[in-house]
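Participant: Sending over target38.cif (mmCIF, C-alpha atoms and all ligand atoms).
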```cif
data_target
loop_
_atom_site.group_PDB
_atom_site.id
_atom_site.type_symbol
_atom_site.label_atom_id
_atom_site.label_comp_id
_atom_site.auth_asym_id
_atom_site.auth_seq_id
_atom_site.Cartn_x
_atom_site.Cartn_y
_atom_site.Cartn_z
ATOM 1 C CA MET A 1242 94.805 121.202 119.644
ATOM 2 C CA ALA A 1243 97.102 118.790 121.492
ATOM 3 C CA ALA A 1244 100.398 120.186 122.772
ATOM 4 C CA VAL A 1245 103.381 118.891 120.835
ATOM 5 C CA GLU A 1246 106.851 118.786 122.322
ATOM 6 C CA PRO A 1247 109.166 121.024 120.292
ATOM 7 C CA VAL A 1248 112.117 119.315 118.616
ATOM 8 C CA THR A 1249 115.506 120.698 119.621
ATOM 9 C CA LEU A 1250 118.303 120.286 117.111
ATOM 10 C CA ARG A 1251 121.894 121.426 117.228
ATOM 11 C CA ALA A 1252 122.634 124.630 115.383
ATOM 12 C CA ASP A 1253 123.216 122.705 112.144
ATOM 13 C CA GLU A 1254 121.586 124.183 109.074
ATOM 14 C CA TYR A 1255 119.118 121.977 107.285
ATOM 15 C CA ARG A 1256 117.008 123.208 104.390
ATOM 16 C CA TRP A 1257 113.357 122.940 105.256
ATOM 17 C CA SER A 1258 112.441 123.047 101.554
ATOM 18 C CA GLN A 1259 114.386 119.805 101.132
ATOM 19 C CA ALA A 1260 113.569 118.226 104.484
ATOM 20 C CA SER A 1261 109.838 118.582 103.830
ATOM 21 C CA ARG A 1262 110.304 116.448 100.693
ATOM 22 C CA CYS A 1263 112.954 114.095 102.030
ATOM 23 C CA PRO A 1264 114.853 114.465 105.331
ATOM 24 C CA ARG A 1265 117.656 112.327 103.926
ATOM 25 C CA MET A 1266 118.188 114.862 101.116
ATOM 26 C CA ALA A 1267 118.505 117.659 103.677
ATOM 27 C CA VAL A 1268 121.100 115.611 105.563
ATOM 28 C CA TYR A 1269 123.113 114.976 102.388
ATOM 29 C CA THR A 1270 123.120 118.704 101.634
ATOM 30 C CA ARG A 1271 124.169 119.513 105.190
ATOM 31 C CA ARG A 1272 127.040 117.007 104.945
ATOM 32 C CA GLY A 1273 128.164 118.186 101.485
ATOM 33 C CA ALA A 1274 127.571 114.754 99.930
ATOM 34 C CA SER A 1275 128.371 114.150 96.278
ATOM 35 C CA ALA A 1276 125.549 115.604 94.188
ATOM 36 C CA LYS A 1277 124.650 115.635 90.522
ATOM 37 C CA THR A 1278 125.165 119.026 88.886
ATOM 38 C CA ARG A 1279 121.844 120.578 88.017
ATOM 39 C CA THR A 1280 121.164 120.608 84.286
ATOM 40 C CA PRO A 1281 120.434 123.943 82.574
ATOM 41 C CA ARG A 1282 116.774 122.889 82.406
ATOM 42 C CA GLU A 1283 116.620 122.158 86.135
ATOM 43 C CA GLN A 1284 118.288 125.503 86.856
ATOM 44 C CA ALA A 1285 115.772 127.231 84.578
ATOM 45 C CA LEU A 1286 112.874 125.519 86.390
ATOM 46 C CA MET A 1287 114.206 126.690 89.750
ATOM 47 C CA HIS A 1288 114.617 130.193 88.375
ATOM 48 C CA ARG A 1289 111.055 130.058 87.058
ATOM 49 C CA GLY A 1290 109.792 128.974 90.477
ATOM 50 C CA ARG A 1291 111.457 131.960 92.111
ATOM 51 C CA MET A 1292 110.090 134.315 89.432
ATOM 52 C CA HIS A 1293 106.572 133.080 90.074
ATOM 53 C CA GLY A 1294 107.057 133.493 93.811
ATOM 54 C CA ARG A 1295 107.902 137.119 93.124
ATOM 55 C CA PHE A 1296 104.918 137.334 90.732
ATOM 56 C CA VAL A 1297 102.538 136.271 93.534
ATOM 57 C CA ALA A 1298 104.246 138.558 96.075
ATOM 58 C CA ASP A 1299 103.749 141.490 93.721
ATOM 59 C CA GLN A 1300 100.027 140.738 93.509
ATOM 60 C CA PHE A 1301 99.701 140.795 97.299
ATOM 61 C CA ALA A 1302 101.815 143.972 97.367
ATOM 62 C CA ALA A 1303 99.425 145.631 94.905
ATOM 63 C CA LYS A 1304 96.539 144.812 97.258
ATOM 64 C CA TYR A 1305 98.081 145.466 100.680
ATOM 65 C CA GLY A 1306 101.052 147.722 99.898
ATOM 66 C CA PRO A 1307 104.673 146.649 99.344
ATOM 67 C CA GLU A 1308 105.646 147.143 102.979
ATOM 68 C CA GLN A 1309 102.950 144.664 104.052
ATOM 69 C CA VAL A 1310 104.334 141.721 102.081
ATOM 70 C CA LEU A 1311 107.544 139.814 102.777
ATOM 71 C CA PHE A 1312 109.130 137.875 99.922
ATOM 72 C CA GLU A 1313 111.184 134.864 101.060
ATOM 73 C CA LYS A 1314 110.647 135.705 104.709
ATOM 74 C CA GLN A 1315 113.267 134.192 106.984
ATOM 75 C CA VAL A 1316 111.866 132.034 109.762
ATOM 76 C CA HIS A 1317 113.991 130.272 112.353
ATOM 77 C CA TRP A 1318 113.219 126.623 112.900
ATOM 78 C CA PRO A 1319 115.092 123.988 114.878
ATOM 79 C CA GLY A 1320 117.052 122.950 111.764
ATOM 80 C CA GLY A 1321 118.215 126.463 110.860
ATOM 81 C CA THR A 1322 116.461 129.107 108.792
ATOM 82 C CA LEU A 1323 113.658 128.448 106.353
ATOM 83 C CA HIS A 1324 112.282 130.839 103.767
ATOM 84 C CA THR A 1325 108.556 131.369 103.352
ATOM 85 C CA ASP A 1326 107.895 132.360 99.740
ATOM 86 C CA VAL A 1327 105.314 135.026 100.550
ATOM 87 C CA TYR A 1328 104.190 136.295 103.943
ATOM 88 C CA VAL A 1329 101.274 138.742 104.096
ATOM 89 C CA ILE A 1330 101.559 140.763 107.293
ATOM 90 C CA PRO A 1331 97.937 142.009 107.644
ATOM 91 C CA GLU A 1332 96.638 138.471 107.051
ATOM 92 C CA THR A 1333 99.360 136.832 109.201
ATOM 93 C CA ALA A 1334 99.426 134.278 106.388
ATOM 94 C CA ALA A 1335 102.300 132.262 104.903
ATOM 95 C CA PHE A 1336 102.143 131.048 101.315
ATOM 96 C CA GLU A 1337 104.266 128.528 99.469
ATOM 97 C CA VAL A 1338 104.263 129.179 95.714
ATOM 98 C CA LYS A 1339 104.747 126.373 93.219
ATOM 99 C CA SER A 1340 105.073 126.832 89.486
ATOM 100 C CA THR A 1341 103.719 123.691 87.867
ATOM 101 C CA THR A 1342 101.578 122.183 85.131
ATOM 102 C CA SER A 1343 100.925 119.026 87.187
ATOM 103 C CA PRO A 1344 99.998 120.168 90.714
ATOM 104 C CA GLU A 1345 98.985 116.739 91.992
ATOM 105 C CA SER A 1346 102.546 115.466 91.626
ATOM 106 C CA LEU A 1347 103.885 117.921 94.195
ATOM 107 C CA ILE A 1348 100.967 119.112 96.295
ATOM 108 C CA GLY A 1349 101.548 116.610 99.119
ATOM 109 C CA ALA A 1350 105.125 117.776 99.753
ATOM 110 C CA ALA A 1351 104.122 121.423 99.243
ATOM 111 C CA ILE A 1352 101.459 121.106 101.942
ATOM 112 C CA ILE A 1353 104.024 119.762 104.425
ATOM 113 C CA GLN A 1354 106.435 122.538 103.447
ATOM 114 C CA ASN A 1355 103.775 125.170 104.089
ATOM 115 C CA ALA A 1356 102.679 123.446 107.302
ATOM 116 C CA GLY A 1357 106.250 123.866 108.578
ATOM 117 C CA GLU A 1358 106.329 127.497 107.488
ATOM 118 C CA GLN A 1359 103.185 128.117 109.515
ATOM 119 C CA HIS A 1360 104.172 125.973 112.493
ATOM 120 C CA PHE A 1361 107.612 127.488 113.029
ATOM 121 C CA ASP A 1362 106.488 131.094 112.508
ATOM 122 C CA GLU A 1363 105.000 132.425 115.733
ATOM 123 C CA THR A 1364 103.382 135.365 113.943
ATOM 124 C CA CYS A 1365 101.561 133.149 111.442
ATOM 125 C CA ASP A 1366 98.115 131.638 111.934
ATOM 126 C CA LYS A 1367 97.082 130.626 108.433
ATOM 127 C CA GLY A 1368 98.439 129.917 104.991
ATOM 128 C CA GLY A 1369 98.387 127.704 101.976
ATOM 129 C CA VAL A 1370 99.942 126.650 98.718
ATOM 130 C CA ILE A 1371 99.511 128.820 95.631
ATOM 131 C CA LEU A 1372 99.871 126.893 92.376
ATOM 132 C CA VAL A 1373 100.848 128.975 89.346
ATOM 133 C CA ASP A 1374 100.362 127.463 85.891
ATOM 134 C CA PRO A 1375 103.442 128.561 83.905
ATOM 135 C CA ILE A 1376 101.491 128.405 80.637
ATOM 136 C CA ASP A 1377 98.838 131.016 81.334
ATOM 137 C CA LEU A 1378 99.870 132.218 84.853
ATOM 138 C CA SER A 1379 96.492 131.179 86.230
ATOM 139 C CA GLU A 1380 96.543 130.507 89.970
ATOM 140 C CA GLN A 1381 94.894 128.084 92.372
ATOM 141 C CA VAL A 1382 95.021 128.603 96.122
ATOM 142 C CA ARG A 1383 94.986 125.489 98.312
ATOM 143 C CA PRO A 1384 94.535 126.666 101.918
ATOM 144 C CA VAL A 1385 96.425 124.557 104.474
ATOM 145 C CA VAL A 1386 94.896 124.172 107.947
ATOM 146 C CA LEU A 1387 97.548 123.396 110.525
ATOM 147 C CA ASN A 1388 95.984 120.501 112.428
ATOM 148 C CA ASP A 1389 97.498 117.905 114.787
ATOM 149 C CA GLU A 1390 98.149 115.523 111.912
ATOM 150 C CA LEU A 1391 100.205 118.079 109.972
ATOM 151 C CA ILE A 1392 102.032 119.294 113.072
ATOM 152 C CA GLY A 1393 102.881 115.696 113.886
ATOM 153 C CA ARG A 1394 104.326 115.142 110.425
ATOM 154 C CA VAL A 1395 106.352 118.360 110.602
ATOM 155 C CA GLU A 1396 107.692 117.383 114.019
ATOM 156 C CA ALA A 1397 108.476 113.865 112.797
ATOM 157 C CA ILE A 1398 110.713 115.357 110.105
ATOM 158 C CA GLY A 1399 112.451 117.456 112.753
ATOM 159 C CA ALA A 1400 112.904 114.340 114.868
ATOM 160 C CA GLN A 1401 114.536 112.480 111.961
ATOM 161 C CA LEU A 1402 116.982 115.346 111.454
ATOM 162 C CA GLU A 1403 117.703 115.503 115.169
ATOM 163 C CA HIS A 1404 118.429 111.753 115.137
ATOM 164 C CA ALA A 1405 120.709 112.118 112.106
ATOM 165 C CA THR A 1406 122.595 114.951 113.820
ATOM 166 C CA ARG A 1407 123.024 113.015 117.038
ATOM 167 C CA THR A 1408 123.883 109.591 115.621
ATOM 168 C CA GLY A 1409 125.362 110.283 112.189
ATOM 169 C CA CYS A 1410 122.793 107.886 110.690
ATOM 170 C CA LEU A 1411 120.787 108.753 107.611
ATOM 171 C CA PRO A 1412 116.996 109.100 107.615
ATOM 172 C CA ASP A 1413 115.114 106.480 105.604
ATOM 173 C CA ARG A 1414 114.775 106.877 101.874
ATOM 174 C CA VAL A 1415 111.506 108.243 100.534
ATOM 175 C CA CYS A 1416 112.339 106.918 97.055
ATOM 176 C CA ALA A 1417 111.903 103.275 96.134
ATOM 177 C CA LYS A 1418 114.329 103.538 93.211
ATOM 178 C CA PRO A 1419 116.868 106.098 91.889
ATOM 179 C CA SER A 1420 114.546 107.438 89.194
ATOM 180 C CA ASP A 1421 112.081 108.534 91.903
ATOM 181 C CA ALA A 1422 114.622 111.224 92.837
ATOM 182 C CA ILE A 1423 113.651 113.214 89.736
ATOM 183 C CA GLY A 1424 110.181 113.929 91.104
ATOM 184 C CA ASN A 1425 111.724 115.070 94.382
ATOM 185 C CA LEU A 1426 114.186 117.396 92.602
ATOM 186 C CA CYS A 1427 116.941 115.529 94.410
ATOM 187 C CA PRO A 1428 120.534 115.548 93.108
ATOM 188 C CA PHE A 1429 121.708 112.750 95.429
ATOM 189 C CA ALA A 1430 120.255 109.664 93.723
ATOM 190 C CA ALA A 1431 123.658 108.094 92.941
ATOM 191 C CA THR A 1432 124.941 108.714 96.481
ATOM 192 C CA CYS A 1433 121.700 107.586 98.063
ATOM 193 C CA PHE A 1434 121.494 104.269 96.210
ATOM 194 C CA ALA A 1435 125.259 103.590 95.986
ATOM 195 C CA ASP A 1436 125.115 100.880 98.659
ATOM 196 C CA LEU A 1437 122.309 98.982 96.964
ATOM 197 C CA PRO A 1438 123.020 96.484 94.168
ATOM 198 C CA THR A 1439 121.924 97.719 90.764
ATOM 199 C CA TYR A 1440 118.452 96.470 90.068
ATOM 200 C CA THR A 1441 118.317 94.132 87.101
ATOM 201 C CA PRO A 1442 114.863 92.984 86.088
ATOM 202 C CA PRO A 1443 114.570 89.199 85.761
ATOM 203 C CA ASP A 1444 114.456 87.723 82.259
ATOM 204 C CA PRO A 1445 110.895 87.169 81.017
ATOM 205 C CA ILE A 1446 109.503 83.632 81.080
ATOM 206 C CA ILE A 1447 109.246 82.339 77.513
ATOM 207 C CA VAL A 1448 105.952 80.601 76.785
ATOM 208 C CA ALA A 1449 104.262 79.406 73.597
ATOM 209 C CA GLY A 1450 100.940 77.773 72.782
ATOM 210 C CA GLU A 1451 97.693 79.205 74.148
ATOM 211 C CA VAL A 1452 99.328 82.053 76.110
ATOM 212 C CA ALA A 1453 101.225 83.208 72.996
ATOM 213 C CA ARG A 1454 98.040 83.026 70.903
ATOM 214 C CA LEU A 1455 95.988 85.023 73.397
ATOM 215 C CA ALA A 1456 98.797 87.554 73.936
ATOM 216 C CA GLY A 1457 98.923 88.093 70.156
ATOM 217 C CA GLU A 1458 95.179 88.736 70.086
ATOM 218 C CA LEU A 1459 95.466 91.088 73.047
ATOM 219 C CA VAL A 1460 98.169 93.228 71.465
ATOM 220 C CA GLY A 1461 96.077 93.550 68.297
ATOM 221 C CA LEU A 1462 92.952 94.447 70.251
ATOM 222 C CA ASP A 1463 94.883 97.033 72.271
ATOM 223 C CA ALA A 1464 95.880 98.652 68.983
ATOM 224 C CA ASP A 1465 92.214 98.588 67.864
ATOM 225 C CA VAL A 1466 91.134 100.221 71.133
ATOM 226 C CA ARG A 1467 93.768 102.961 70.755
ATOM 227 C CA ALA A 1468 92.649 103.618 67.165
ATOM 228 C CA GLY A 1469 89.017 103.753 68.338
ATOM 229 C CA GLU A 1470 89.907 106.153 71.131
ATOM 230 C CA GLN A 1471 91.771 108.362 68.666
ATOM 231 C CA ALA A 1472 88.730 108.394 66.367
ATOM 232 C CA ALA A 1473 86.453 109.187 69.319
ATOM 233 C CA SER A 1474 88.760 111.992 70.411
ATOM 234 C CA THR A 1475 88.668 113.535 66.932
ATOM 235 C CA ALA A 1476 84.864 113.207 66.815
ATOM 236 C CA LYS A 1477 84.543 114.902 70.214
ATOM 237 C CA THR A 1478 86.673 117.815 69.037
ATOM 238 C CA VAL A 1479 84.521 118.304 65.934
ATOM 239 C CA ARG A 1480 81.359 117.872 68.046
ATOM 240 C CA GLU A 1481 82.488 120.678 70.355
ATOM 241 C CA GLU A 1482 83.084 122.935 67.366
ATOM 242 C CA ILE A 1483 79.581 122.271 66.025
ATOM 243 C CA ARG A 1484 78.046 122.737 69.486
ATOM 244 C CA GLY A 1485 79.903 126.042 69.646
ATOM 245 C CA GLU A 1486 78.293 127.186 66.388
ATOM 246 C CA LEU A 1487 74.811 126.028 67.503
ATOM 247 C CA ARG A 1488 75.163 127.745 70.857
ATOM 248 C CA ASP A 1489 74.872 131.091 69.044
ATOM 249 C CA LEU A 1490 71.872 129.959 67.011
ATOM 250 C CA ILE A 1491 69.450 128.447 69.551
ATOM 251 C CA GLU A 1492 68.119 129.481 72.951
ATOM 252 C CA PRO A 1493 68.875 127.317 75.969
ATOM 253 C CA ASN A 1494 66.219 125.073 77.525
ATOM 254 C CA LEU A 1495 63.877 125.167 74.490
ATOM 255 C CA ASP A 1496 62.917 122.264 72.208
ATOM 256 C CA TYR A 1497 63.752 122.588 68.505
ATOM 257 C CA LEU A 1498 62.924 120.362 65.563
ATOM 258 C CA ALA A 1499 65.513 120.927 62.844
ATOM 259 C CA GLY A 1500 65.438 118.920 59.624
ATOM 260 C CA GLY A 1501 64.068 115.876 61.409
ATOM 261 C CA VAL A 1502 66.433 116.238 64.394
ATOM 262 C CA ARG A 1503 65.137 117.106 67.861
ATOM 263 C CA LEU A 1504 67.500 119.561 69.466
ATOM 264 C CA LYS A 1505 67.728 121.063 72.931
ATOM 265 C CA ARG A 1506 70.546 122.667 74.873
ATOM 266 C CA SER A 1507 69.813 122.351 78.591
ATOM 267 C CA THR A 1508 71.754 124.452 81.071
ATOM 268 C CA PHE A 1509 72.127 123.589 84.749
ATOM 269 C CA THR A 1510 74.653 123.818 87.554
ATOM 270 C CA LYS A 1511 76.359 120.617 88.572
ATOM 271 C CA THR A 1512 78.140 120.496 91.900
ATOM 272 C CA THR A 1513 80.959 118.044 92.424
ATOM 273 C CA TYR A 1514 83.589 117.685 95.097
ATOM 274 C CA SER A 1515 87.027 116.755 93.906
ATOM 275 C CA GLY A 1516 90.397 116.493 95.553
ATOM 276 C CA ILE A 1517 89.153 114.704 98.683
ATOM 277 C CA ALA A 1518 92.623 113.250 99.270
ATOM 278 C CA ALA A 1519 94.141 116.721 98.878
ATOM 279 C CA GLY A 1520 91.558 118.095 101.322
ATOM 280 C CA ILE A 1521 92.578 115.508 103.906
ATOM 281 C CA ALA A 1522 96.272 116.189 103.301
ATOM 282 C CA ALA A 1523 95.779 119.935 103.715
ATOM 283 C CA GLY A 1524 93.955 119.516 107.019
ATOM 284 C CA HIS A 1525 90.439 120.524 105.901
ATOM 285 C CA LEU A 1526 88.876 117.106 106.149
ATOM 286 C CA ASP A 1527 89.104 114.563 108.922
ATOM 287 C CA ALA A 1528 90.352 111.256 107.512
ATOM 288 C CA ASP A 1529 88.867 109.283 110.435
ATOM 289 C CA ARG A 1530 85.384 110.726 109.932
ATOM 290 C CA LEU A 1531 85.591 110.003 106.208
ATOM 291 C CA GLU A 1532 86.615 106.396 106.802
ATOM 292 C CA PRO A 1533 83.047 105.005 106.329
ATOM 293 C CA TYR A 1534 83.031 106.533 102.843
ATOM 294 C CA ARG A 1535 86.401 105.123 101.805
ATOM 295 C CA ASN A 1536 86.257 102.430 99.159
ATOM 296 C CA GLU A 1537 89.054 100.103 98.232
ATOM 297 C CA SER A 1538 88.971 97.716 95.332
ATOM 298 C CA GLU A 1539 91.467 95.342 93.833
ATOM 299 C CA GLN A 1540 92.909 96.737 90.612
ATOM 300 C CA GLU A 1541 95.110 95.251 87.943
ATOM 301 C CA ARG A 1542 97.264 96.718 85.221
ATOM 302 C CA TRP A 1543 98.136 94.885 82.003
ATOM 303 C CA THR A 1544 101.376 95.400 80.092
ATOM 304 C CA VAL A 1545 101.008 94.080 76.549
ATOM 305 C CA THR A 1546 103.664 95.267 74.123
ATOM 306 C CA ALA A 1547 104.635 93.773 70.781
ATOM 307 C CA THR A 1548 108.374 93.032 70.541
ATOM 308 C CA GLU A 1549 110.370 92.936 67.306
ATOM 309 C CA ALA A 1550 109.932 89.148 67.274
ATOM 310 C CA PHE A 1551 106.139 89.402 67.257
ATOM 311 C CA GLU A 1552 104.397 88.240 64.084
ATOM 312 C CA PRO A 1553 100.737 89.166 63.929
ATOM 313 C CA ALA A 1554 98.393 86.380 62.880
ATOM 314 C CA SER A 1555 96.891 86.845 59.421
ATOM 315 C CA GLU A 1556 93.425 88.297 59.718
ATOM 316 C CA ASP A 1557 91.532 85.520 57.976
ATOM 317 C CA TYR A 1558 87.924 85.813 59.034
ATOM 318 C CA GLY A 1559 86.719 83.247 56.451
ATOM 319 C CA ASP A 1560 83.329 83.821 54.895
ATOM 320 C CA THR A 1561 81.846 86.788 56.670
ATOM 321 C CA PRO A 1562 78.099 87.263 56.691
ATOM 322 C CA PHE A 1563 78.397 91.008 55.992
HETATM 323 S S1 LIG B 1601 117.264 109.910 96.155
HETATM 324 FE FE1 LIG B 1601 115.228 110.013 97.095
HETATM 325 S S2 LIG B 1601 115.478 109.050 99.082
HETATM 326 FE FE2 LIG B 1601 117.527 109.540 98.355
HETATM 327 S S3 LIG B 1601 117.982 111.540 99.228
HETATM 328 FE FE3 LIG B 1601 117.111 111.885 97.208
HETATM 329 S S4 LIG B 1601 114.911 112.180 97.541
HETATM 330 FE FE4 LIG B 1601 115.771 111.233 99.383
#
```
What is this file in structure tokens?

Facilitator:
Amino acid sequence: MAAVEPVTLRADEYRWSQASRCPRMAVYTRRGASAKTRTPREQALMHRGRMHGRFVADQFAAKYGPEQVLFEKQVHWPGGTLHTDVYVIPETAAFEVKSTTSPESLIGAAIIQNAGEQHFDETCDKGGVILVDPIDLSEQVRPVVLNDELIGRVEAIGAQLEHATRTGCLPDRVCAKPSDAIGNLCPFAATCFADLPTYTPPDPIIVAGEVARLAGELVGLDADVRAGEQAASTAKTVREEIRGELRDLIEPNLDYLAGGVRLKRSTFTKTTYSGIAAGIAAGHLDADRLEPYRNESEQERWTVTATEAFEPASEDYGDTPF
């Protein structure tokens, strides 16, 4: 693994948990910038996150003994002190615990956070992110391999903070617009975007004729598709119920003839690989070696919404042959 020059910051305190999501947020906190007060719901979510960190720590403690597990272990890093959610001494492993129903929305930042927890802790040589589903407390472990790419990204964050400390400048924004701050659990959206003019979307271009006719057809067809999808969804639910009943009545991998219906329930193991992007982000897969398998295609997204002024065309199909 290539040697990386350590970043040296002044003794300012930056929160690694924030810096790993957005260095600018960590700088605002350090400087006491004006922040939005957390809502009761946001406070409850943070409390829940801490509870689930403790929940995971207790599981490790049951396996290794309470004295072998550190909850919110303090680790010194160039920006101050960070806290590793769970550190398992016999495994020399650091874990970041996230309580979430939508892991993919936060896994990228969580991987960087854990990479820093591993990188700055001299006693640590492995780790990962543990995702706890708050609905049923099921857990997924995403191991994080500290490779050059991740170390580089951790050090780049440190370098941005060092630059902010030395020059008084702010790191770049990671959000494109104020509402993106919600996903980053950032209370500084108003401060961060105060110097930018308020974005006002341009007025729509008013058109009539063929475009209006086709748009009217499209909005009606979209509604038809949604209704069809709803019907298909209901049918699939009922189908699963009936399959569930049949599963108890027939043997797998045998042919049946039942009231004129051929019936067979085949069982087999299907192997799939998912989360390739997450595997690259967590250091398990080499993005360069996977490059020949990367596919890009042009995509488009349609927005077709009926306004109050929309008048659907009368559905006159004339003489239908059915
Ligand atoms: S609003 Fe976005 S870019 Fe600005 S500090 Fe917060 S997370 Fe960073």

Participant: I need the residue nearest Lys1339 of chain A from this list: A:Gln1381, A:Thr1510, A:Gln1471, A:Thr1432. Use all atoms listed in the file for the distance.

Facilitator: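 The closest residue to Lys1339 of chain A is A:Gln1381.
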
Participant: Please write the residues picked by the PyMOL selection byres (((chain A and resi 1546) around 12) and not hetatm) on this file as a PyMOL selection string.

Facilitator: chain A and resi 1456-1464+1543-1545+1547-1551

Participant: Which protein, DNA or RNA residues have an atom within 12 Å of ligand LIG 1601 (chain B), counting all atoms listed in the file, as a VMD selection string?

Facilitator: chain A and resid 1258 to 1271 1274 to 1277 1350 1411 to 1437

Participant: Around all the atoms of segment 1462-1465 of chain A listed in the file, with 3 Å of room on each side, what axis-aligned box do you get, giving centre and edge lengths in Å to one decimal, as lines of an AutoDock Vina configuration file?

Facilitator:
```
center_x = 94.0
center_y = 96.5
center_z = 70.1
size_x = 9.7
size_y = 10.2
size_z = 10.4
```

Participant: For the atom pair atom CA of Glu1537 of chain A and atom CA of Ser1343 of chain A, what is the interatomic distance in Å to one decimal place?

Facilitator: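 Going from atom CA of Glu1537 of chain A over to atom CA of Ser1343 of chain A, I get 24.9 Å.
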
Participant: On this structure, the PyMOL selection byres (((chain A and resi 1314) around 9) and not hetatm) would catch which residues? List them as a ChimeraX atom specification, sorted by chain and number.

Facilitator: /A:1311-1313,1315-1316,1323-1328

Participant: Name the closest residue to Gly1399 of chain A among the candidates A:Thr1439, A:Asp1374, A:Ala1335, A:His1360; distances are taken between atoms, counting all atoms listed in the file.

Facilitator: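 Checking each candidate against Gly1399 of chain A, we get A:His1360 as the closest.
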
Participant: Provide segment 1402-1415 of chain A rebuilt to N, CA and C atoms, formatted as a CSV table (one decimal), in the coordinates of the input.

Facilitator:
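Final output, saved to result_6.csv:
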```
chain,number,residue,atom,x,y,z
A,1402,LEU,N,115.8,114.5,111.6
A,1402,LEU,CA,117.0,115.3,111.5
A,1402,LEU,C,117.8,115.4,112.8
A,1403,GLU,N,117.0,115.5,113.9
A,1403,GLU,CA,117.7,115.5,115.2
A,1403,GLU,C,118.4,114.2,115.4
A,1404,HIS,N,117.8,113.1,115.0
A,1404,HIS,CA,118.4,111.8,115.1
A,1404,HIS,C,119.7,111.7,114.2
A,1405,ALA,N,119.6,112.2,113.0
A,1405,ALA,CA,120.7,112.1,112.1
A,1405,ALA,C,121.9,112.9,112.7
A,1406,THR,N,121.5,114.1,113.3
A,1406,THR,CA,122.6,115.0,113.8
A,1406,THR,C,123.3,114.2,115.0
A,1407,ARG,N,122.5,113.6,115.8
A,1407,ARG,CA,123.0,113.0,117.0
A,1407,ARG,C,123.8,111.7,116.7
A,1408,THR,N,123.3,110.9,115.8
A,1408,THR,CA,123.9,109.6,115.6
A,1408,THR,C,124.8,109.5,114.4
A,1409,GLY,N,124.6,110.4,113.5
A,1409,GLY,CA,125.4,110.3,112.2
A,1409,GLY,C,124.7,109.4,111.2
A,1410,CYS,N,123.5,108.8,111.6
A,1410,CYS,CA,122.8,107.9,110.7
A,1410,CYS,C,122.0,108.7,109.7
A,1411,LEU,N,121.6,108.1,108.6
A,1411,LEU,CA,120.8,108.8,107.6
A,1411,LEU,C,119.3,108.4,107.8
A,1412,PRO,N,118.4,109.4,107.6
A,1412,PRO,CA,117.0,109.1,107.6
A,1412,PRO,C,116.7,108.1,106.5
A,1413,ASP,N,115.5,107.4,106.6
A,1413,ASP,CA,115.1,106.5,105.6
A,1413,ASP,C,114.9,107.2,104.3
A,1414,ARG,N,115.1,106.4,103.2
A,1414,ARG,CA,114.8,106.9,101.9
A,1414,ARG,C,113.3,107.1,101.7
A,1415,VAL,N,112.9,108.1,100.9
A,1415,VAL,CA,111.5,108.2,100.5
A,1415,VAL,C,111.3,107.7,99.1
```
